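Participant: Structure file final-v3.txt, compact mmCIF, C-alpha atoms and all ligand atoms, is pasted below:
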# COMPACT_ATOMS: atom_id res chain seq x y z
CA MET A 1 136.77 83.48 96.47
CA SER A 2 137.04 81.22 99.50
CA ASN A 3 134.32 79.27 101.29
CA CYS A 4 133.64 79.30 105.00
CA ALA A 5 131.70 77.24 107.54
CA ILE A 6 130.34 78.68 110.76
CA VAL A 7 129.89 75.92 113.30
CA GLY A 8 129.18 75.47 117.00
CA ILE A 9 131.99 74.20 119.21
CA ASN A 10 129.96 73.25 122.28
CA TRP A 11 126.32 72.35 123.01
CA GLY A 12 124.80 74.84 120.55
CA ASP A 13 123.40 78.34 121.23
CA GLU A 14 126.91 79.78 120.98
CA GLY A 15 125.78 82.65 118.77
CA LYS A 16 126.27 81.18 115.29
CA GLY A 17 123.32 83.13 113.88
CA ARG A 18 124.81 86.52 114.81
CA MET A 19 128.15 85.50 113.25
CA VAL A 20 126.56 84.32 109.99
CA ASP A 21 124.47 87.49 109.85
CA LEU A 22 127.63 89.55 110.32
CA LEU A 23 129.85 87.73 107.84
CA THR A 24 127.45 86.76 105.01
CA GLU A 25 127.89 90.20 103.52
CA LYS A 26 131.04 88.91 101.84
CA TYR A 27 129.46 85.72 100.47
CA ASP A 28 127.24 84.84 97.53
CA PHE A 29 125.49 81.84 99.10
CA ALA A 30 124.42 80.93 102.65
CA VAL A 31 123.67 77.25 103.11
CA ARG A 32 122.04 75.24 105.89
CA PHE A 33 123.22 71.63 105.51
CA GLN A 34 121.77 69.72 108.48
CA GLY A 35 119.20 69.87 111.24
CA GLY A 36 115.77 71.41 111.08
CA GLY A 37 113.27 73.57 112.89
CA ASN A 38 114.81 72.66 116.25
CA ALA A 39 117.46 75.33 115.65
CA GLY A 40 116.99 78.82 117.05
CA HIS A 41 119.59 81.13 115.56
CA THR A 42 119.08 84.59 117.02
CA VAL A 43 119.81 87.50 114.72
CA ILE A 44 119.44 91.19 115.55
CA ASN A 45 119.81 93.63 112.66
CA GLU A 46 118.12 96.59 110.96
CA TYR A 47 114.92 94.53 110.37
CA GLY A 48 114.49 93.61 114.06
CA LYS A 49 115.11 90.57 116.24
CA PHE A 50 114.61 87.08 114.83
CA ALA A 51 114.97 83.47 116.01
CA LEU A 52 115.64 81.67 112.74
CA HIS A 53 114.78 77.99 112.77
CA LEU A 54 115.27 76.72 109.25
CA LEU A 55 116.03 79.77 107.10
CA PRO A 56 119.74 80.46 106.67
CA SER A 57 120.86 83.60 108.51
CA GLY A 58 121.92 85.12 105.16
CA ILE A 59 118.26 85.77 104.33
CA PHE A 60 118.62 89.43 105.35
CA ARG A 61 121.36 90.19 102.82
CA LYS A 62 120.08 91.42 99.47
CA ASN A 63 122.62 89.70 97.24
CA VAL A 64 122.87 86.40 99.08
CA VAL A 65 121.21 83.25 97.75
CA ASN A 66 120.04 81.10 100.65
CA VAL A 67 120.02 77.33 100.27
CA LEU A 68 118.43 74.55 102.30
CA GLY A 69 120.53 71.55 101.36
CA ASN A 70 119.65 67.88 101.09
CA GLY A 71 120.89 67.28 104.65
CA VAL A 72 118.21 69.34 106.40
CA ALA A 73 114.96 68.11 107.95
CA LEU A 74 112.56 70.03 105.77
CA ASP A 75 109.36 70.80 107.63
CA PRO A 76 107.08 72.66 105.14
CA GLU A 77 104.64 73.79 107.83
CA ASN A 78 107.32 75.38 110.00
CA LEU A 79 109.19 76.80 107.04
CA LEU A 80 106.12 78.57 105.62
CA ALA A 81 105.31 80.06 109.02
CA GLU A 82 108.88 81.25 109.38
CA ILE A 83 108.92 82.79 105.89
CA GLU A 84 105.75 84.72 106.78
CA THR A 85 107.20 85.96 110.08
CA VAL A 86 110.38 87.21 108.45
CA ARG A 87 108.51 88.73 105.47
CA ALA A 88 106.23 90.60 107.87
CA LYS A 89 109.30 92.57 109.01
CA GLY A 90 109.99 93.75 105.46
CA VAL A 91 112.47 91.11 104.28
CA GLU A 92 111.94 89.96 100.71
CA ILE A 93 111.87 86.18 100.27
CA ASP A 94 111.19 84.60 96.90
CA GLU A 95 112.49 81.87 94.62
CA HIS A 96 115.51 84.02 93.73
CA ASN A 97 116.95 84.25 97.23
CA LEU A 98 115.65 81.00 98.72
CA LYS A 99 116.37 77.62 97.17
CA ILE A 100 115.42 74.24 98.57
CA SER A 101 117.20 71.10 97.47
CA ASP A 102 115.01 68.70 95.49
CA ARG A 103 116.85 65.99 97.43
CA ALA A 104 115.90 67.32 100.85
CA SER A 105 113.64 64.84 102.64
CA LEU A 106 110.33 66.10 104.00
CA LEU A 107 109.49 66.03 107.68
CA LEU A 108 106.02 64.46 107.61
CA PRO A 109 103.04 65.20 109.92
CA TRP A 110 103.65 62.09 112.03
CA HIS A 111 107.28 62.86 112.84
CA ARG A 112 106.50 65.57 115.36
CA GLU A 113 103.79 63.43 116.93
CA LEU A 114 106.18 60.47 117.26
CA ASP A 115 108.71 62.64 119.07
CA GLY A 116 106.11 63.46 121.73
CA LEU A 117 104.90 59.85 122.00
CA GLU A 118 108.44 58.53 122.47
CA GLU A 119 109.43 61.18 125.05
CA ALA A 120 106.25 60.35 126.97
CA ARG A 121 107.13 56.63 126.87
CA LEU A 122 110.67 57.35 128.08
CA ALA A 123 109.30 59.49 130.95
CA ASP A 124 112.21 60.26 133.33
CA LYS A 125 114.72 58.60 130.97
CA LYS A 126 113.98 61.12 128.21
CA TYR A 127 116.76 62.71 126.12
CA GLY A 128 115.32 66.21 126.15
CA SER A 129 113.91 66.38 122.64
CA THR A 130 112.65 69.71 121.31
CA LYS A 131 109.70 67.67 119.96
CA GLN A 132 110.11 69.01 116.44
CA GLY A 133 110.16 65.50 114.99
CA ILE A 134 113.86 65.54 114.21
CA ALA A 135 114.86 62.11 115.56
CA PRO A 136 111.89 60.26 113.98
CA PHE A 137 112.55 62.15 110.76
CA TYR A 138 116.22 61.19 110.47
CA SER A 139 115.47 57.59 111.51
CA ASP A 140 112.96 57.38 108.67
CA LYS A 141 115.33 59.06 106.23
CA TYR A 142 117.96 56.39 106.88
CA GLN A 143 115.29 53.70 106.55
CA LYS A 144 114.36 55.36 103.23
CA LYS A 145 110.84 55.91 104.55
CA THR A 146 110.17 59.55 103.81
CA VAL A 147 109.77 61.54 100.59
CA LEU A 148 112.01 63.99 98.75
CA ALA A 149 111.04 67.61 98.10
CA GLY A 150 111.47 66.94 94.36
CA GLU A 151 108.62 64.41 94.51
CA LEU A 152 106.23 67.33 95.05
CA PHE A 153 106.41 67.85 91.27
CA TYR A 154 104.92 64.38 90.67
CA PRO A 155 101.66 64.38 92.73
CA ASP A 156 100.28 61.02 91.60
CA GLU A 157 103.46 59.09 92.35
CA LEU A 158 103.88 61.10 95.55
CA LYS A 159 100.44 60.13 96.85
CA ARG A 160 101.10 56.46 96.11
CA HIS A 161 104.42 56.72 97.92
CA LEU A 162 102.86 58.47 100.92
CA SER A 163 100.05 55.94 101.09
CA ASP A 164 102.62 53.10 101.39
CA LEU A 165 104.49 55.00 104.10
CA LEU A 166 101.25 55.73 105.93
CA GLU A 167 100.29 52.05 106.06
CA TRP A 168 103.66 51.21 107.65
CA LYS A 169 103.74 54.21 109.98
CA ASN A 170 100.24 53.60 111.31
CA LEU A 171 101.40 50.20 112.59
CA ILE A 172 103.86 52.03 114.82
CA ILE A 173 101.64 54.93 115.80
CA ASN A 174 98.65 52.77 116.59
CA ARG A 175 99.97 49.35 117.62
CA VAL A 176 103.16 50.41 119.41
CA TYR A 177 102.06 53.71 120.96
CA GLY A 178 98.29 53.18 120.99
CA ALA A 179 97.67 56.56 119.33
CA ARG A 180 95.14 57.42 116.63
CA PRO A 181 96.21 56.33 113.11
CA HIS A 182 96.66 59.01 110.42
CA THR A 183 94.47 59.00 107.30
CA MET A 184 95.25 59.70 103.66
CA GLU A 185 92.73 62.57 103.73
CA GLU A 186 94.80 64.27 106.40
CA ILE A 187 97.93 63.76 104.34
CA GLU A 188 96.27 65.25 101.25
CA GLU A 189 95.20 68.24 103.28
CA TRP A 190 98.75 68.66 104.52
CA LEU A 191 100.01 68.50 100.91
CA GLU A 192 97.61 71.23 99.80
CA ASN A 193 98.02 73.48 102.85
CA TYR A 194 101.78 73.24 103.22
CA ALA A 195 103.91 70.94 101.12
CA TYR A 196 102.84 72.11 97.63
CA LYS A 197 103.30 75.71 98.71
CA ILE A 198 107.07 75.28 99.04
CA ARG A 199 107.37 73.92 95.49
CA ARG A 200 108.33 77.29 94.05
CA TYR A 201 111.61 77.17 96.00
CA VAL A 202 112.55 73.58 95.14
CA THR A 203 115.36 73.07 92.66
CA ASP A 204 118.57 71.10 92.02
CA THR A 205 120.75 72.94 94.53
CA GLY A 206 123.64 70.53 93.92
CA ARG A 207 123.94 71.83 90.40
CA LEU A 208 123.42 75.39 91.59
CA LEU A 209 126.35 75.15 94.01
CA ARG A 210 128.60 73.29 91.56
CA ASP A 211 128.00 76.04 89.01
CA ALA A 212 128.63 78.64 91.69
CA GLN A 213 131.97 77.01 92.48
CA ASN A 214 132.95 76.90 88.84
CA ASN A 215 132.10 80.58 88.51
CA GLY A 216 134.26 81.61 91.47
CA LYS A 217 131.34 82.37 93.83
CA SER A 218 131.78 82.03 97.57
CA ILE A 219 129.70 79.92 99.92
CA MET A 220 129.04 80.21 103.62
CA PHE A 221 127.84 77.09 105.41
CA GLU A 222 125.81 77.54 108.58
CA ALA A 223 125.66 74.66 111.03
CA GLN A 224 123.08 74.03 113.69
CA LEU A 225 123.91 73.06 117.31
CA GLY A 226 127.55 72.20 118.16
CA SER A 227 130.29 69.55 118.26
CA LEU A 228 129.03 67.99 121.49
CA ARG A 229 125.64 67.35 119.89
CA ASP A 230 127.07 65.73 116.75
CA LEU A 231 125.46 62.36 116.07
CA ASP A 232 128.84 60.60 115.76
CA PHE A 233 131.24 62.67 117.85
CA GLY A 234 128.97 64.20 120.49
CA ILE A 235 127.83 63.05 123.92
CA VAL A 236 125.87 60.03 122.70
CA PRO A 237 122.94 59.50 123.19
CA TYR A 238 122.33 63.15 124.16
CA THR A 239 123.06 64.33 120.65
CA THR A 240 120.96 65.56 117.82
CA SER A 241 120.21 63.17 114.95
CA SER A 242 122.46 64.76 112.33
CA ASN A 243 126.12 65.70 111.91
CA THR A 244 126.79 69.19 113.18
CA THR A 245 130.40 69.17 112.03
CA ALA A 246 131.88 71.20 109.19
CA ALA A 247 133.04 67.99 107.51
CA TYR A 248 129.40 67.16 106.76
CA ALA A 249 128.72 70.49 105.04
CA PRO A 250 129.81 69.38 101.55
CA ILE A 251 127.53 66.30 101.69
CA GLY A 252 124.55 67.99 103.33
CA SER A 253 124.70 70.96 100.98
CA GLY A 254 124.62 68.85 97.83
CA CYS A 255 128.10 69.73 96.63
CA PRO A 256 130.45 66.98 97.91
CA SER A 257 133.41 68.38 95.99
CA VAL A 258 133.30 71.77 97.67
CA LYS A 259 136.42 72.84 99.57
CA ILE A 260 135.96 74.74 102.83
CA ASP A 261 138.83 77.17 103.34
CA GLU A 262 137.91 78.60 106.70
CA ILE A 263 136.05 76.99 109.60
CA ILE A 264 134.92 79.51 112.19
CA GLY A 265 134.05 77.77 115.45
CA VAL A 266 131.73 79.73 117.71
CA VAL A 267 132.39 79.48 121.46
CA LYS A 268 130.49 81.24 124.21
CA ALA A 269 132.55 82.91 126.98
CA TYR A 270 130.82 80.53 129.44
CA SER A 271 128.96 77.23 129.02
CA THR A 272 125.29 76.61 128.35
CA CYS A 273 123.39 73.46 127.54
CA VAL A 274 119.77 72.78 126.68
CA GLY A 275 118.29 69.39 127.38
CA GLU A 276 119.47 66.32 129.20
CA GLY A 277 122.84 64.60 129.54
CA PRO A 278 126.10 65.13 131.43
CA PHE A 279 127.16 68.76 131.75
CA THR A 280 130.32 68.68 133.84
CA CYS A 281 130.58 72.40 134.59
CA GLU A 282 126.97 72.88 135.59
CA TRP A 283 126.12 75.49 138.20
CA PHE A 284 123.00 75.37 140.32
CA GLY A 285 121.15 77.74 142.64
CA GLU A 286 121.81 81.42 142.92
CA GLU A 287 125.06 81.67 140.95
CA ALA A 288 123.43 79.77 138.05
CA GLU A 289 120.38 82.01 138.17
CA ARG A 290 122.56 85.13 138.07
CA LEU A 291 124.52 83.95 135.03
CA ARG A 292 121.33 82.80 133.29
CA GLU A 293 119.75 86.20 133.85
CA ALA A 294 122.88 88.10 132.77
CA GLY A 295 123.12 86.10 129.54
CA GLY A 296 119.37 85.81 128.85
CA GLU A 297 119.85 82.05 128.67
CA TYR A 298 116.42 80.82 127.70
CA GLY A 299 115.95 78.64 124.59
CA ALA A 300 115.18 80.59 121.39
CA LYS A 301 112.83 77.83 120.21
CA THR A 302 111.44 76.40 123.45
CA GLY A 303 111.85 79.22 126.01
CA ARG A 304 113.34 76.58 128.36
CA PRO A 305 115.89 77.90 130.89
CA ARG A 306 119.32 76.79 129.68
CA ARG A 307 121.69 74.99 132.04
CA VAL A 308 124.70 77.24 132.67
CA GLY A 309 128.24 77.12 134.06
CA PRO A 310 131.78 78.38 133.50
CA ILE A 311 133.64 77.85 130.24
CA ASP A 312 134.79 74.25 129.83
CA ILE A 313 138.23 74.16 128.24
CA VAL A 314 138.30 70.34 128.07
CA ALA A 315 135.06 70.11 126.10
CA THR A 316 135.87 73.20 124.03
CA ARG A 317 139.29 71.96 122.90
CA TYR A 318 137.67 68.66 121.90
CA GLY A 319 134.99 70.60 120.00
CA VAL A 320 137.67 72.62 118.19
CA GLN A 321 139.43 69.42 117.12
CA VAL A 322 136.23 67.72 115.95
CA GLN A 323 135.32 70.73 113.84
CA ALA A 324 138.89 71.27 112.62
CA ALA A 325 138.25 74.94 113.36
CA THR A 326 140.73 77.38 111.83
CA CYS A 327 139.49 80.36 113.82
CA ILE A 328 137.27 81.01 116.84
CA ALA A 329 134.55 83.58 117.46
CA LEU A 330 134.22 84.05 121.23
CA THR A 331 130.77 85.44 122.00
CA LYS A 332 129.05 87.05 125.00
CA LEU A 333 132.21 88.28 126.70
CA ASP A 334 130.12 91.25 127.92
CA VAL A 335 127.93 88.91 129.99
CA LEU A 336 130.83 88.07 132.34
CA SER A 337 131.39 91.73 133.31
CA TYR A 338 129.43 91.34 136.57
CA MET A 339 131.78 88.69 137.97
CA ASP A 340 134.58 89.63 140.42
CA ARG A 341 136.56 86.59 139.35
CA ILE A 342 135.98 84.45 136.32
CA PRO A 343 135.89 80.68 136.71
CA VAL A 344 137.46 78.47 134.02
CA CYS A 345 137.24 74.68 133.96
CA THR A 346 140.72 73.63 132.84
CA HIS A 347 140.67 69.88 133.58
CA TYR A 348 138.43 67.05 134.70
CA MET A 349 139.00 64.75 137.65
CA ILE A 350 138.10 61.18 136.71
CA ASP A 351 138.83 58.18 138.96
CA GLY A 352 141.10 60.28 141.14
CA GLY A 353 143.26 61.42 138.20
CA GLN A 354 143.37 64.78 136.44
CA THR A 355 142.94 64.91 132.68
CA ASP A 356 142.51 67.51 129.97
CA GLU A 357 141.27 64.93 127.43
CA PHE A 358 137.53 64.87 126.78
CA PRO A 359 136.41 61.39 127.87
CA PHE A 360 134.27 58.72 126.20
CA PRO A 361 130.54 59.48 126.76
CA ALA A 362 130.02 56.61 129.23
CA VAL A 363 132.78 58.02 131.48
CA LEU A 364 131.61 61.63 131.34
CA PRO A 365 129.00 61.43 134.15
CA ASP A 366 131.87 60.62 136.58
CA ALA A 367 133.96 63.65 135.59
CA LYS A 368 134.30 66.50 138.11
CA PRO A 369 135.44 69.95 136.98
CA VAL A 370 138.79 71.43 138.07
CA ILE A 371 138.28 75.19 138.27
CA GLU A 372 140.86 77.98 138.05
CA TYR A 373 139.90 81.60 138.62
CA MET A 374 140.94 84.64 136.62
CA ASP A 375 140.51 88.27 137.61
CA GLY A 376 137.28 89.91 136.53
CA TRP A 377 137.27 93.30 134.78
CA GLY A 378 134.32 94.84 136.59
CA CYS A 379 133.17 97.24 133.86
CA ASP A 380 130.95 97.27 130.80
CA VAL A 381 132.84 96.15 127.66
CA SER A 382 129.93 96.28 125.22
CA SER A 383 131.11 99.47 123.52
CA CYS A 384 134.67 98.18 122.85
CA ARG A 385 135.37 97.73 119.14
CA ARG A 386 139.14 97.12 119.21
CA PHE A 387 140.96 94.46 121.24
CA GLU A 388 143.18 97.13 122.82
CA GLU A 389 140.09 98.87 124.19
CA LEU A 390 139.23 95.86 126.37
CA PRO A 391 140.44 96.00 129.99
CA ASP A 392 143.66 94.04 130.69
CA GLU A 393 141.77 91.32 132.57
CA ALA A 394 139.34 90.74 129.69
CA ARG A 395 142.23 90.51 127.20
CA LYS A 396 144.00 88.03 129.50
CA TYR A 397 140.83 85.92 129.68
CA VAL A 398 140.59 85.79 125.87
CA GLU A 399 144.30 85.00 125.50
CA PHE A 400 144.14 82.30 128.17
CA ILE A 401 141.27 80.51 126.40
CA GLU A 402 143.00 80.88 123.05
CA GLU A 403 146.18 79.31 124.37
CA ARG A 404 144.38 76.42 126.10
CA ILE A 405 142.09 75.48 123.22
CA GLY A 406 144.85 75.78 120.65
CA CYS A 407 143.04 77.95 118.12
CA HIS A 408 143.24 81.63 117.25
CA ILE A 409 140.35 83.75 118.51
CA GLY A 410 139.71 86.00 115.55
CA TYR A 411 136.45 87.56 116.74
CA VAL A 412 135.30 88.66 120.18
CA SER A 413 131.61 89.48 120.41
CA VAL A 414 130.57 91.97 123.10
CA GLY A 415 126.86 92.33 122.36
CA PRO A 416 124.06 90.77 120.28
CA GLU A 417 123.90 93.58 117.71
CA ARG A 418 125.57 93.15 114.35
CA ASP A 419 128.32 95.69 115.01
CA SER A 420 129.12 94.69 118.62
CA ILE A 421 132.21 92.84 117.48
CA ILE A 422 135.97 93.04 117.84
CA VAL A 423 137.97 91.62 114.94
CA ARG A 424 141.50 90.57 115.89
P1 LIG A 501 122.88 80.13 117.90
O1 LIG A 501 121.78 79.10 117.91
O2 LIG A 501 124.24 79.53 117.98
O3 LIG A 501 122.75 81.12 116.78
O4 LIG A 501 122.72 80.94 119.26
P2 LIG A 501 121.37 81.48 119.94
O5 LIG A 501 120.72 82.42 119.05
O6 LIG A 501 120.56 80.37 120.48
O7 LIG A 501 121.95 82.19 121.26
C1 LIG A 501 122.78 83.24 121.23
C2 LIG A 501 122.10 84.36 122.01
O8 LIG A 501 123.08 85.26 122.46
C3 LIG A 501 121.15 85.19 121.21
O9 LIG A 501 120.14 85.68 122.03
C4 LIG A 501 122.01 86.34 120.69
O10 LIG A 501 121.30 87.52 120.39
C5 LIG A 501 122.90 86.55 121.87
N1 LIG A 501 124.25 87.01 121.59
C6 LIG A 501 125.10 86.61 120.59
N2 LIG A 501 126.29 87.18 120.75
C7 LIG A 501 126.21 87.95 121.88
C8 LIG A 501 127.14 88.75 122.59
O11 LIG A 501 128.31 88.88 122.26
N3 LIG A 501 126.69 89.36 123.73
C9 LIG A 501 125.41 89.23 124.19
N4 LIG A 501 125.06 89.86 125.29
N5 LIG A 501 124.51 88.48 123.53
C10 LIG A 501 124.92 87.83 122.40
Can you present the structure in this file as structure tokens?
Ligand code: GDP
Facilitator:
Amino acid sequence: MSNCAIVGINWGDEGKGRMVDLLTEKYDFAVRFQGGGNAGHTVINEYGKFALHLLPSGIFRKNVVNVLGNGVALDPENLLAEIETVRAKGVEIDEHNLKISDRASLLLPWHRELDGLEEARLADKKYGSTKQGIAPFYSDKYQKKTVLAGELFYPDELKRHLSDLLEWKNLIINRVYGARPHTMEEIEEWLENYAYKIRRYVTDTGRLLRDAQNNGKSIMFEAQLGSLRDLDFGIVPYTTSSNTTAAYAPIGSGCPSVKIDEIIGVVKAYSTCVGEGPFTCEWFGEEAERLREAGGEYGAKTGRPRRVGPIDIVATRYGVQVQAATCIALTKLDVLSYMDRIPVCTHYMIDGGQTDEFPFPAVLPDAKPVIEYMDGWGCDVSSCRRFEELPDEARKYVEFIEERIGCHIGYVSVGPERDSIIVR
């Protein structure tokens, strides 16, 4: 059977979690391949409402094996808390349906602290970190200065390794930032309280997925954030510290040879953005507040109000290209029902010229949106289950976006619940 990746096309928060939750039914494995506890994938199903941070959104499906690949930022403390929260709602999680790559690097106690220290140093020049330690973690991973989950099986070597890292890290924590150094006792406590407790899930997930491929099993890859936050292709430096693109899924999952047959890009029917950086379509004041309220646009992890605005065709088409999306899921169409006319950003004005090409990051702050308006539909669409049931104006909106971004819209989501979906 074929493999699929579900990825974000824009700034994240597009509704990837609800799409993975819907579609995992057909898959044997659900894999997170990058990012960490800074994600907040909202899922609403028969168990309740969840904001998943690290667990793959396939965790609710009985026959799905969920994998945290080598590309994720594995924070044992957050993961254990999340497992407990989800279990408390009656979901079974054990070593049969959750597997952690032995090659996943561990997010260590100082990573979160360093995030806060650096954002405080940057003051008004900050990037808008979620302070989950993600940037310090990935920096250390690429400096080869963190430990692998598989090392948890070798405690003596692990402690020696951590003691070396601690000596180096304390130079930065104490001498650069003037904060209190960490001690080995604290690290040992952290190992006992958190890190060793995830050991039961740790295994060679590369082999697991290779075997799965050889046995004709199907894999769903679940990305965090979106194209515009990709470390290489996003709005640098306002990106996350990992690759959010489908092309990274084979590497970050531990199965570089895997072929992805379908890439479903998730796009929201309007734009939202959490954190700092240029956001060309941004609305302010009353109209922003109204859209934010209508869409419930507050961060799943941080509770921060999201920045909002109309859909940005320029950024979205770029996002589609970066992801090599084969199909689009357009979410939250229902949220736009209150608008008399629907704004769409079709082009940018830069240096007096109009363009539909997404510019280089350094140019982006100068871009001004060119807005076209489409007719609103003025009625509730949340009970529509077939495309033909949507009002003419709503269908035209979907078709217009489809044509401009150059990718088939195969799913239109009209509500957060699992079944509030139109398949085209
Ligand atoms: P993710 O990180 O990409 O999974 O997205 P988030 O979970 O941060 O944000 C998506 C939010 O929109 C969540 O609160 C979802 O429950 C909600 N949602 C998803 N699809 C729809 C939809 O079609 N309509 C409405 N009204 N809400 C939706």
Participant: Nearest residue to ligand LIG 501 (chain A) out of A:Lys259, A:Arg395, A:Arg385, A:Arg317, using only C-alpha atoms and all ligand atoms?
Facilitator: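 Closest to ligand LIG 501 (chain A), using only C-alpha atoms and all ligand atoms: A:Arg385.
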Participant: Find the residues near ligand LIG 501 (chain A). Use a cut-off of 7 Å, count only C-alpha atoms and all ligand atoms, and write them as a VMD selection string.
Facilitator: chain A and resid 8 12 to 18 39 to 44 51 224 to 225 295 to 296 299 to 300 331 to 335 413 to 416 420
Participant: Between A:Leu108, A:Val67, A:Leu231, A:Ala324, which is the closest to Val202 (chain A) once you count all atoms listed in the file?
Facilitator: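 That would be A:Val67, the residue with the smallest distance to Val202 (chain A).
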Participant: Using all atoms listed in the file, find each residue in region 175-243 of chain A having at least one atom no more than 9 Å away from region 114-138 of chain A; report its shortest atom-to-atom pair and that distance in Å (one decimal), rows by chain then rising number, as a Markdown table.
Facilitator:
| residue | atom | partner | partner_atom | distance |
| --- | --- | --- | --- | --- |
| A:Tyr177 | CA | A:Leu117 | CA | 6.8 |
| A:Ala179 | CA | A:Leu117 | CA | 8.4 |
| A:Pro237 | CA | A:Tyr127 | CA | 7.6 |
| A:Tyr238 | CA | A:Tyr127 | CA | 5.9 |
| A:Thr239 | CA | A:Tyr127 | CA | 8.5 |
| A:Thr240 | CA | A:Ala135 | CA | 7.4 |
| A:Ser241 | CA | A:Ala135 | CA | 5.5 |
| A:Ser242 | CA | A:Tyr138 | CA | 7.4 |
Participant: Would you export the selected residues with C-alpha atoms as a compact mmCIF listing (two decimals), in the coordinates of the input, please?
Facilitator:
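Saved to again15.txt:
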# COMPACT_ATOMS: atom_id res chain seq x y z
CA TYR A 177 102.06 53.71 120.96
CA ALA A 179 97.67 56.56 119.33
CA PRO A 237 122.94 59.50 123.19
CA TYR A 238 122.33 63.15 124.16
CA THR A 239 123.06 64.33 120.65
CA THR A 240 120.96 65.56 117.82
CA SER A 241 120.21 63.17 114.95
CA SER A 242 122.46 64.76 112.33
Participant: Just how far from CA of Ile235 (chain A) is CA of Gly277 (chain A), in Å to one decimal?
Facilitator: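 Going from CA of Gly277 (chain A) over to CA of Ile235 (chain A), I get 7.7 Å.
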Participant: Could you please determine the separation between CA of His161 (chain A) and CA of Val176 (chain A) in Å, to one decimal place?
Facilitator: 22.4 Å
Participant: Measure the distance from CA of Ala367 (chain A) to CA of Gly353 (chain A) in Å and round it to one decimal.
Facilitator: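 Those two atoms sit 9.9 Å apart.
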Participant: Hey, what's within 9 Å of Thr146 (chain A) if we count all atoms listed in the file and toss same-chain stuff fewer than 4 positions away? As a ChimeraX atom specification, please?
Facilitator: /A:105-108,137,140-142,161-162,165
Participant: Would you please work out which residue, of A:Asp232, A:Asp164, A:Glu77, A:Asp356, is nearest to Glu189 (chain A) when using all atoms listed in the file?
Facilitator: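 Ranking A:Asp232, A:Asp164, A:Glu77, A:Asp356 by distance to Glu189 (chain A), first place goes to A:Glu77.
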Participant: I need the residue nearest Arg304 (chain A) from this list: A:Ile342, A:Ile6, A:Leu171, A:Val274. Use all atoms listed in the file for the distance.
Facilitator: A:Val274
Participant: Pick out the closest residue to Glu84 (chain A) from this set: A:Asn3, A:Leu52, A:Asp102, A:Arg341. Count all atoms listed in the file.
Facilitator: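 The closest residue to Glu84 (chain A) is A:Leu52.
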Participant: At a cut-off of 12 Å, using all atoms listed in the file, what residues contact Ala247 (chain A)? Leave out same-chain residues fewer than 6 positions from it and give the result as a JSON list (two decimals) with C-alpha atoms, in the coordinates of the input.
Facilitator:
[["chain", "number", "residue", "atom", "x", "y", "z"],
["A", 4, "CYS", "CA", 133.64, 79.30, 105.00],
["A", 5, "ALA", "CA", 131.70, 77.24, 107.54],
["A", 6, "ILE", "CA", 130.34, 78.68, 110.76],
["A", 7, "VAL", "CA", 129.89, 75.92, 113.30],
["A", 33, "PHE", "CA", 123.22, 71.63, 105.51],
["A", 34, "GLN", "CA", 121.77, 69.72, 108.48],
["A", 221, "PHE", "CA", 127.84, 77.09, 105.41],
["A", 223, "ALA", "CA", 125.66, 74.66, 111.03],
["A", 227, "SER", "CA", 130.29, 69.55, 118.26],
["A", 230, "ASP", "CA", 127.07, 65.73, 116.75],
["A", 232, "ASP", "CA", 128.84, 60.60, 115.76],
["A", 233, "PHE", "CA", 131.24, 62.67, 117.85],
["A", 253, "SER", "CA", 124.70, 70.96, 100.98],
["A", 256, "PRO", "CA", 130.45, 66.98, 97.91],
["A", 257, "SER", "CA", 133.41, 68.38, 95.99],
["A", 258, "VAL", "CA", 133.30, 71.77, 97.67],
["A", 259, "LYS", "CA", 136.42, 72.84, 99.57],
["A", 260, "ILE", "CA", 135.96, 74.74, 102.83],
["A", 261, "ASP", "CA", 138.83, 77.17, 103.34],
["A", 262, "GLU", "CA", 137.91, 78.60, 106.70],
["A", 263, "ILE", "CA", 136.05, 76.99, 109.60],
["A", 321, "GLN", "CA", 139.43, 69.42, 117.12],
["A", 322, "VAL", "CA", 136.23, 67.72, 115.95],
["A", 323, "GLN", "CA", 135.32, 70.73, 113.84],
["A", 324, "ALA", "CA", 138.89, 71.27, 112.62],
["A", 325, "ALA", "CA", 138.25, 74.94, 113.36]]
Participant: Using only C-alpha atoms, which of the listed residues (A:His53, A:Arg207, A:Lys159, A:Lys145) sits closest to Ala81 (chain A)?
Facilitator: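 Ranked by minimum distance to Ala81 (chain A), first place goes to A:His53.
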Participant: Up to 12 Å from (125.1, 76.0, 91.6) in the file's coordinates: name the residues, counting all atoms listed in the file, as number ranges by chain.
Facilitator: A: 28-29, 31, 65-67, 69, 99, 101, 203-219, 253-255, 258
Participant: May I have the residues within 12 Å of His347 (chain A) as an MDAnalysis selection string, using all atoms listed in the file and disregarding those fewer than 4 positions away in the same chain?
Facilitator: chainID A and resid 280:281 311:317 353:359 367:372 404:405
Participant: Near Leu74 (chain A), within 9 Å and counting only C-alpha atoms, which residues show up once chain neighbours fewer than 4 positions away are dropped, as a ChimeraX atom specification?
Facilitator: /A:35-37,54,68,70,78-79,100,104-108,149
